[in-house]
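Chemist: Supplied structure: data09.txt, compact mmCIF, C-alpha atoms.
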```txt
# COMPACT_ATOMS: atom_id res chain seq x y z
CA MET J 26 -11.80 -58.28 56.28
CA ASN J 27 -13.44 -54.86 56.31
CA PHE J 28 -11.48 -51.61 56.09
CA LEU J 29 -11.59 -50.82 59.82
CA ASP J 30 -10.30 -54.30 60.72
CA TYR J 31 -7.55 -53.92 58.14
CA VAL J 32 -6.38 -50.61 59.58
CA THR J 33 -6.59 -51.89 63.15
CA SER J 34 -4.55 -54.99 62.41
CA ARG J 35 -1.83 -53.12 60.50
CA TRP J 36 -1.74 -49.74 62.20
CA GLN J 37 1.93 -49.98 63.15
CA GLN J 38 3.06 -50.54 59.55
CA LEU J 39 0.70 -47.82 58.37
CA LEU J 40 2.26 -45.39 60.84
CA VAL J 41 5.75 -46.30 59.61
CA ASP J 42 4.72 -45.76 55.99
CA ALA J 43 3.02 -42.47 56.88
CA TYR J 44 6.12 -41.27 58.75
CA GLN J 45 8.39 -42.14 55.82
CA HIS J 46 6.03 -40.40 53.41
CA ALA J 47 5.79 -37.21 55.47
CA SER J 48 9.51 -37.21 56.24
CA MET J 49 10.44 -37.45 52.57
CA VAL J 50 8.07 -34.64 51.62
CA VAL J 51 9.27 -32.32 54.42
CA GLN J 52 12.95 -32.93 53.64
CA CYS J 53 12.36 -32.30 49.95
CA ILE J 54 10.50 -29.07 50.73
CA VAL J 55 13.46 -27.90 52.83
CA LEU J 56 15.92 -28.71 50.02
CA ALA J 57 13.67 -27.09 47.40
CA THR J 58 13.31 -23.98 49.58
CA ILE J 59 17.07 -23.60 49.89
CA VAL J 60 17.54 -23.97 46.13
CA GLY J 61 14.47 -21.92 45.22
CA VAL J 62 15.29 -18.99 47.49
CA LEU J 63 18.90 -18.89 46.27
CA VAL J 64 17.67 -18.85 42.67
CA GLY J 65 15.11 -16.16 43.48
CA VAL J 66 17.69 -13.99 45.23
CA ALA J 67 20.04 -14.37 42.27
CA VAL J 68 17.54 -13.29 39.60
CA TYR J 69 14.84 -11.08 41.16
CA ARG J 70 16.54 -7.84 40.14
CA SER J 71 16.79 -8.96 36.52
CA PRO J 72 13.50 -9.23 34.59
CA ALA J 73 15.15 -11.51 32.03
CA GLY J 74 16.72 -13.70 34.70
CA ALA J 75 13.46 -13.93 36.62
CA ALA J 76 11.59 -14.88 33.45
CA ILE J 77 14.14 -17.58 32.58
CA ALA J 78 14.14 -19.05 36.11
CA THR J 79 10.34 -19.12 36.20
CA ALA J 80 10.14 -20.65 32.71
CA LEU J 81 12.64 -23.39 33.52
CA SER J 82 10.95 -24.34 36.77
CA SER J 83 7.59 -24.25 34.99
CA ALA J 84 8.90 -26.57 32.29
CA ILE J 85 9.67 -29.22 34.90
CA LEU J 86 5.99 -29.40 35.83
CA THR J 87 5.09 -30.23 32.24
CA ILE J 88 7.03 -33.51 32.50
CA PRO J 89 4.75 -36.37 33.64
CA SER J 90 5.96 -37.70 36.97
CA PHE J 91 6.16 -41.27 35.67
CA ALA J 92 8.35 -40.07 32.81
CA LEU J 93 10.66 -38.12 35.12
CA PHE J 94 11.05 -41.12 37.42
CA GLY J 95 11.73 -43.26 34.37
CA LEU J 96 14.44 -40.88 33.17
CA LEU J 97 16.14 -40.73 36.56
CA ILE J 98 16.09 -44.44 37.42
CA PRO J 99 18.83 -45.40 34.90
CA VAL J 100 21.02 -42.62 36.28
CA LEU J 101 20.30 -42.75 40.02
CA GLY J 102 18.93 -46.28 40.42
CA LEU J 103 15.91 -47.21 42.49
CA GLY J 104 14.94 -46.02 45.96
CA VAL J 105 15.39 -42.72 47.74
CA ALA J 106 17.68 -40.88 45.30
CA PRO J 107 15.35 -40.59 42.28
CA SER J 108 12.42 -39.93 44.60
CA VAL J 109 14.14 -37.00 46.31
CA VAL J 110 15.44 -35.46 43.08
CA THR J 111 12.03 -35.70 41.44
CA LEU J 112 10.20 -34.17 44.39
CA VAL J 113 12.68 -31.32 44.77
CA LEU J 114 12.38 -30.47 41.07
CA TYR J 115 8.58 -30.45 41.20
CA ALA J 116 8.61 -28.25 44.31
CA LEU J 117 10.73 -25.50 42.79
CA LEU J 118 8.22 -23.50 40.74
CA PRO J 119 5.97 -22.12 43.54
CA ILE J 120 8.98 -21.36 45.73
CA VAL J 121 11.06 -19.70 43.00
CA ARG J 122 8.12 -17.68 41.70
CA ASN J 123 6.96 -16.54 45.15
CA THR J 124 10.50 -15.63 46.19
CA ILE J 125 10.88 -13.44 43.12
CA VAL J 126 7.48 -11.84 43.64
CA GLY J 127 8.04 -11.33 47.37
CA LEU J 128 11.45 -9.71 46.93
CA SER J 129 10.34 -7.60 43.98
CA THR J 130 7.41 -6.08 45.84
CA VAL J 131 9.35 -4.76 48.82
CA ASP J 132 8.76 -1.00 48.92
CA GLN J 133 11.71 1.06 47.71
CA PRO J 134 11.41 3.62 50.55
CA VAL J 135 11.92 0.78 53.04
CA LEU J 136 15.11 -0.25 51.24
CA ASP J 137 16.33 3.33 51.07
CA ALA J 138 15.73 3.74 54.80
CA ALA J 139 17.68 0.54 55.55
CA ARG J 140 20.61 1.75 53.47
CA GLY J 141 20.33 5.16 55.07
CA ILE J 142 21.04 3.76 58.53
CA GLY J 143 24.18 2.07 57.24
CA MET J 144 23.07 -1.46 56.41
CA SER J 145 25.22 -3.35 53.93
CA ARG J 146 23.71 -4.88 50.80
CA PHE J 147 23.77 -8.31 52.48
CA GLY J 148 22.21 -6.87 55.63
CA VAL J 149 19.39 -5.27 53.66
CA LEU J 150 18.73 -8.59 51.89
CA THR J 151 18.75 -10.81 54.97
CA ARG J 152 17.29 -8.45 57.58
CA VAL J 153 14.77 -6.53 55.49
CA GLU J 154 13.96 -7.98 52.06
CA LEU J 155 13.81 -11.67 52.94
CA ARG J 156 11.84 -10.95 56.12
CA LEU J 157 9.27 -8.94 54.21
CA ALA J 158 9.16 -11.57 51.45
CA TRP J 159 8.81 -14.44 53.95
CA PRO J 160 4.98 -14.69 53.81
CA ALA J 161 5.15 -15.07 50.02
CA ILE J 162 7.95 -17.64 50.28
CA LEU J 163 6.03 -19.59 52.91
CA ALA J 164 2.95 -19.57 50.69
CA GLY J 165 5.05 -21.09 47.91
CA MET J 166 6.32 -23.76 50.28
CA ARG J 167 2.76 -24.52 51.32
CA VAL J 168 1.63 -24.99 47.72
CA SER J 169 4.64 -27.18 46.97
CA ALA J 170 4.00 -29.33 50.03
CA GLN J 171 0.46 -30.08 48.90
CA MET J 172 1.67 -31.03 45.43
CA LEU J 173 4.43 -33.24 46.75
CA MET J 174 2.12 -35.20 49.03
CA GLY J 175 0.41 -36.63 45.97
CA ILE J 176 3.49 -36.91 43.77
CA ALA J 177 5.39 -38.69 46.56
CA ALA J 178 2.92 -41.56 46.28
CA ILE J 179 4.17 -42.15 42.74
CA ALA J 180 7.68 -42.60 44.16
CA ALA J 181 6.65 -46.21 44.77
CA TYR J 182 7.22 -46.64 41.01
CA ALA J 183 10.93 -46.07 41.76
CA LYS J 184 10.81 -48.19 44.94
CA GLY J 185 10.73 -45.06 47.07
CA PRO J 186 9.42 -45.01 50.64
CA GLY J 187 5.97 -44.00 51.80
CA LEU J 188 2.30 -44.71 51.38
CA GLY J 189 2.56 -45.03 47.62
CA ASN J 190 3.68 -48.62 48.06
CA LEU J 191 0.33 -49.46 49.63
CA ILE J 192 -1.56 -47.76 46.82
CA PHE J 193 0.43 -49.40 44.04
CA THR J 194 0.31 -52.84 45.63
CA GLY J 195 -3.41 -52.56 46.23
CA LEU J 196 -4.13 -51.43 42.67
CA THR J 197 -2.01 -54.14 41.08
CA GLN J 198 -3.73 -56.81 43.17
CA LEU J 199 -7.32 -55.63 42.78
CA GLY J 200 -9.64 -58.57 43.24
CA GLY J 201 -7.33 -60.15 45.79
CA ALA J 202 -7.70 -60.21 49.54
CA ASN J 203 -7.35 -56.76 51.11
CA ALA J 204 -6.23 -55.17 47.83
CA LEU J 205 -8.90 -52.49 47.96
CA ASN J 206 -8.25 -51.91 51.66
CA MET J 207 -4.58 -51.30 50.90
CA ALA J 208 -5.31 -48.80 48.14
CA VAL J 209 -7.90 -46.94 50.22
CA ALA J 210 -5.67 -46.89 53.31
CA GLY J 211 -2.76 -45.47 51.35
CA THR J 212 -4.92 -42.84 49.65
CA ALA J 213 -6.61 -41.81 52.90
CA GLY J 214 -3.22 -41.59 54.58
CA VAL J 215 -1.93 -39.21 51.92
CA ILE J 216 -4.98 -36.97 52.31
CA ILE J 217 -4.68 -36.89 56.10
CA LEU J 218 -0.96 -36.10 55.94
CA ALA J 219 -1.61 -33.30 53.43
CA LEU J 220 -4.18 -31.71 55.75
CA LEU J 221 -1.91 -32.02 58.78
CA LEU J 222 1.09 -30.56 56.97
CA ASP J 223 -1.00 -27.67 55.69
CA ALA J 224 -2.08 -26.95 59.27
CA VAL J 225 1.58 -26.96 60.32
CA PHE J 226 2.38 -24.38 57.65
CA VAL J 227 -0.47 -22.18 58.85
CA LEU J 228 0.94 -22.38 62.38
CA ILE J 229 4.47 -21.63 61.18
CA GLY J 230 3.13 -18.60 59.33
CA ARG J 231 1.44 -17.26 62.45
CA LEU J 232 4.54 -17.81 64.58
CA THR J 233 7.12 -16.42 62.14
CA THR J 234 5.29 -13.51 60.51
CA SER J 235 5.04 -10.24 62.39
CA ARG J 236 1.62 -8.76 63.00
CA GLY J 237 2.53 -5.72 60.95
CA ILE J 238 3.14 -7.82 57.84
CA ARG J 239 0.08 -10.04 58.46
CA GLY J 240 -2.14 -7.04 58.99
```
Once you've parsed the file, please lay out its structure as C-alpha cells.

Modeler:
Amino acid sequence: MNFLDYVTSRWQQLLVDAYQHASMVVQCIVLATIVGVLVGVAVYRSPAGAAIATALSSAILTIPSFALFGLLIPVLGLGVAPSVVTLVLYALLPIVRNTIVGLSTVDQPVLDAARGIGMSRFGVLTRVELRLAWPAILAGMRVSAQMLMGIAAIAAYAKGPGLGNLIFTGLTQLGGANALNMAVAGTAGVIILALLLDAVFVLIGRLTTSRGIRG
C-alpha cells in the first residue's frame, strides 16, 4: 500500500489523532501561560527574582524529554498526566522570559501617567502593563507552541494521546506492512499542525494587539 492509499483508508483515525495532539498542545500552552505570566508578574521588578525564575525554567529544558517522562511515570503513571506536566514544564521558559522582558520594558512615563489619573497598582498592571507586554507574551506562547508540537509526539512513550503513537509504532515495526507509512503520516501530521497553530497565533496577534503597539 502506498502512502496516499494509507492516508485515504485511515483518514478518520488520523484526524482523531491529530485532534488529540493539537488539543493537548493548546491546553498545555494555556496552562503554561497562566503559570508563566503569574511567575513573570511576581518577579519582574526584582532582578534577582527574574534571574532565578529564568534560570529554573531554563534548567528544565536541559532535561532530555525521555528522561523527564521516565521520572514522572513512576509518580503520575502512564497516559495524560505525565504528558501534560512534561509539556507545561517545557513551555514555561519562553513565556516566563518574555513576560519579564515585556513588563520590564514598559516606559516609566506611561506608568506615571496611569498612576497620575488615579489607577490602583492592580489597575496599572492589568490595564496598562500587561496590555503593553501582550505582544511579547504572545511571542513566547508562539515559540512554546512550536516546541511542544514536536515534544508532544514523544508523549507516546508515556502512552499519551496524539500523533506520536503513529510515529513510535511505525518506527518500532520498520520492515513490516505500512510501518513507514505510519511514521511518515505521524511526522507529516505534526508538521502540518505546527504550521496551522502558528498561523492561528499570527491571527490572534493581529486581532488582540492594537495598531499603536504593532506600529

Chemist: One decimal, in Å: what's the spacing between atom CA of J:Ile85 and atom CA of J:Val60?

Modeler: 14.7 Å

Chemist: If you count all atoms listed in the file, which residues fall within 10 Å of J:Arg70, apart from same-chain ones fewer than 3 positions away, as a list of chain:residue names?

Modeler: J:Gly65, J:Val66, J:Ala67, J:Ala73, J:Gly74, J:Ala75, J:Ile125, J:Leu128, J:Ser129

Chemist: Using Å and a single decimal, report how far atom CA of J:Leu222 sits from atom CA of J:Leu56.

Modeler: 16.5 Å

Chemist: Write out as a PyMOL selection string the residues lying within 12 Å of J:Ala164, counting all atoms listed in the file and excluding same-chain residues fewer than 3 positions away.

Modeler: chain J and resi 58+118-124+126-127+158-161+167-171+223+226-227+229-230+234

Chemist: When you look at stretch 32-43 of chain J with a cut-off of 10 Å (counting only C-alpha atoms), what residues show up, excluding the ones that are within fewer than 6 positions of it in the same chain? I need them as a PyMOL selection string.

Modeler: chain J and resi 26+49+186-191+206-207+210-211+214-215+217-218
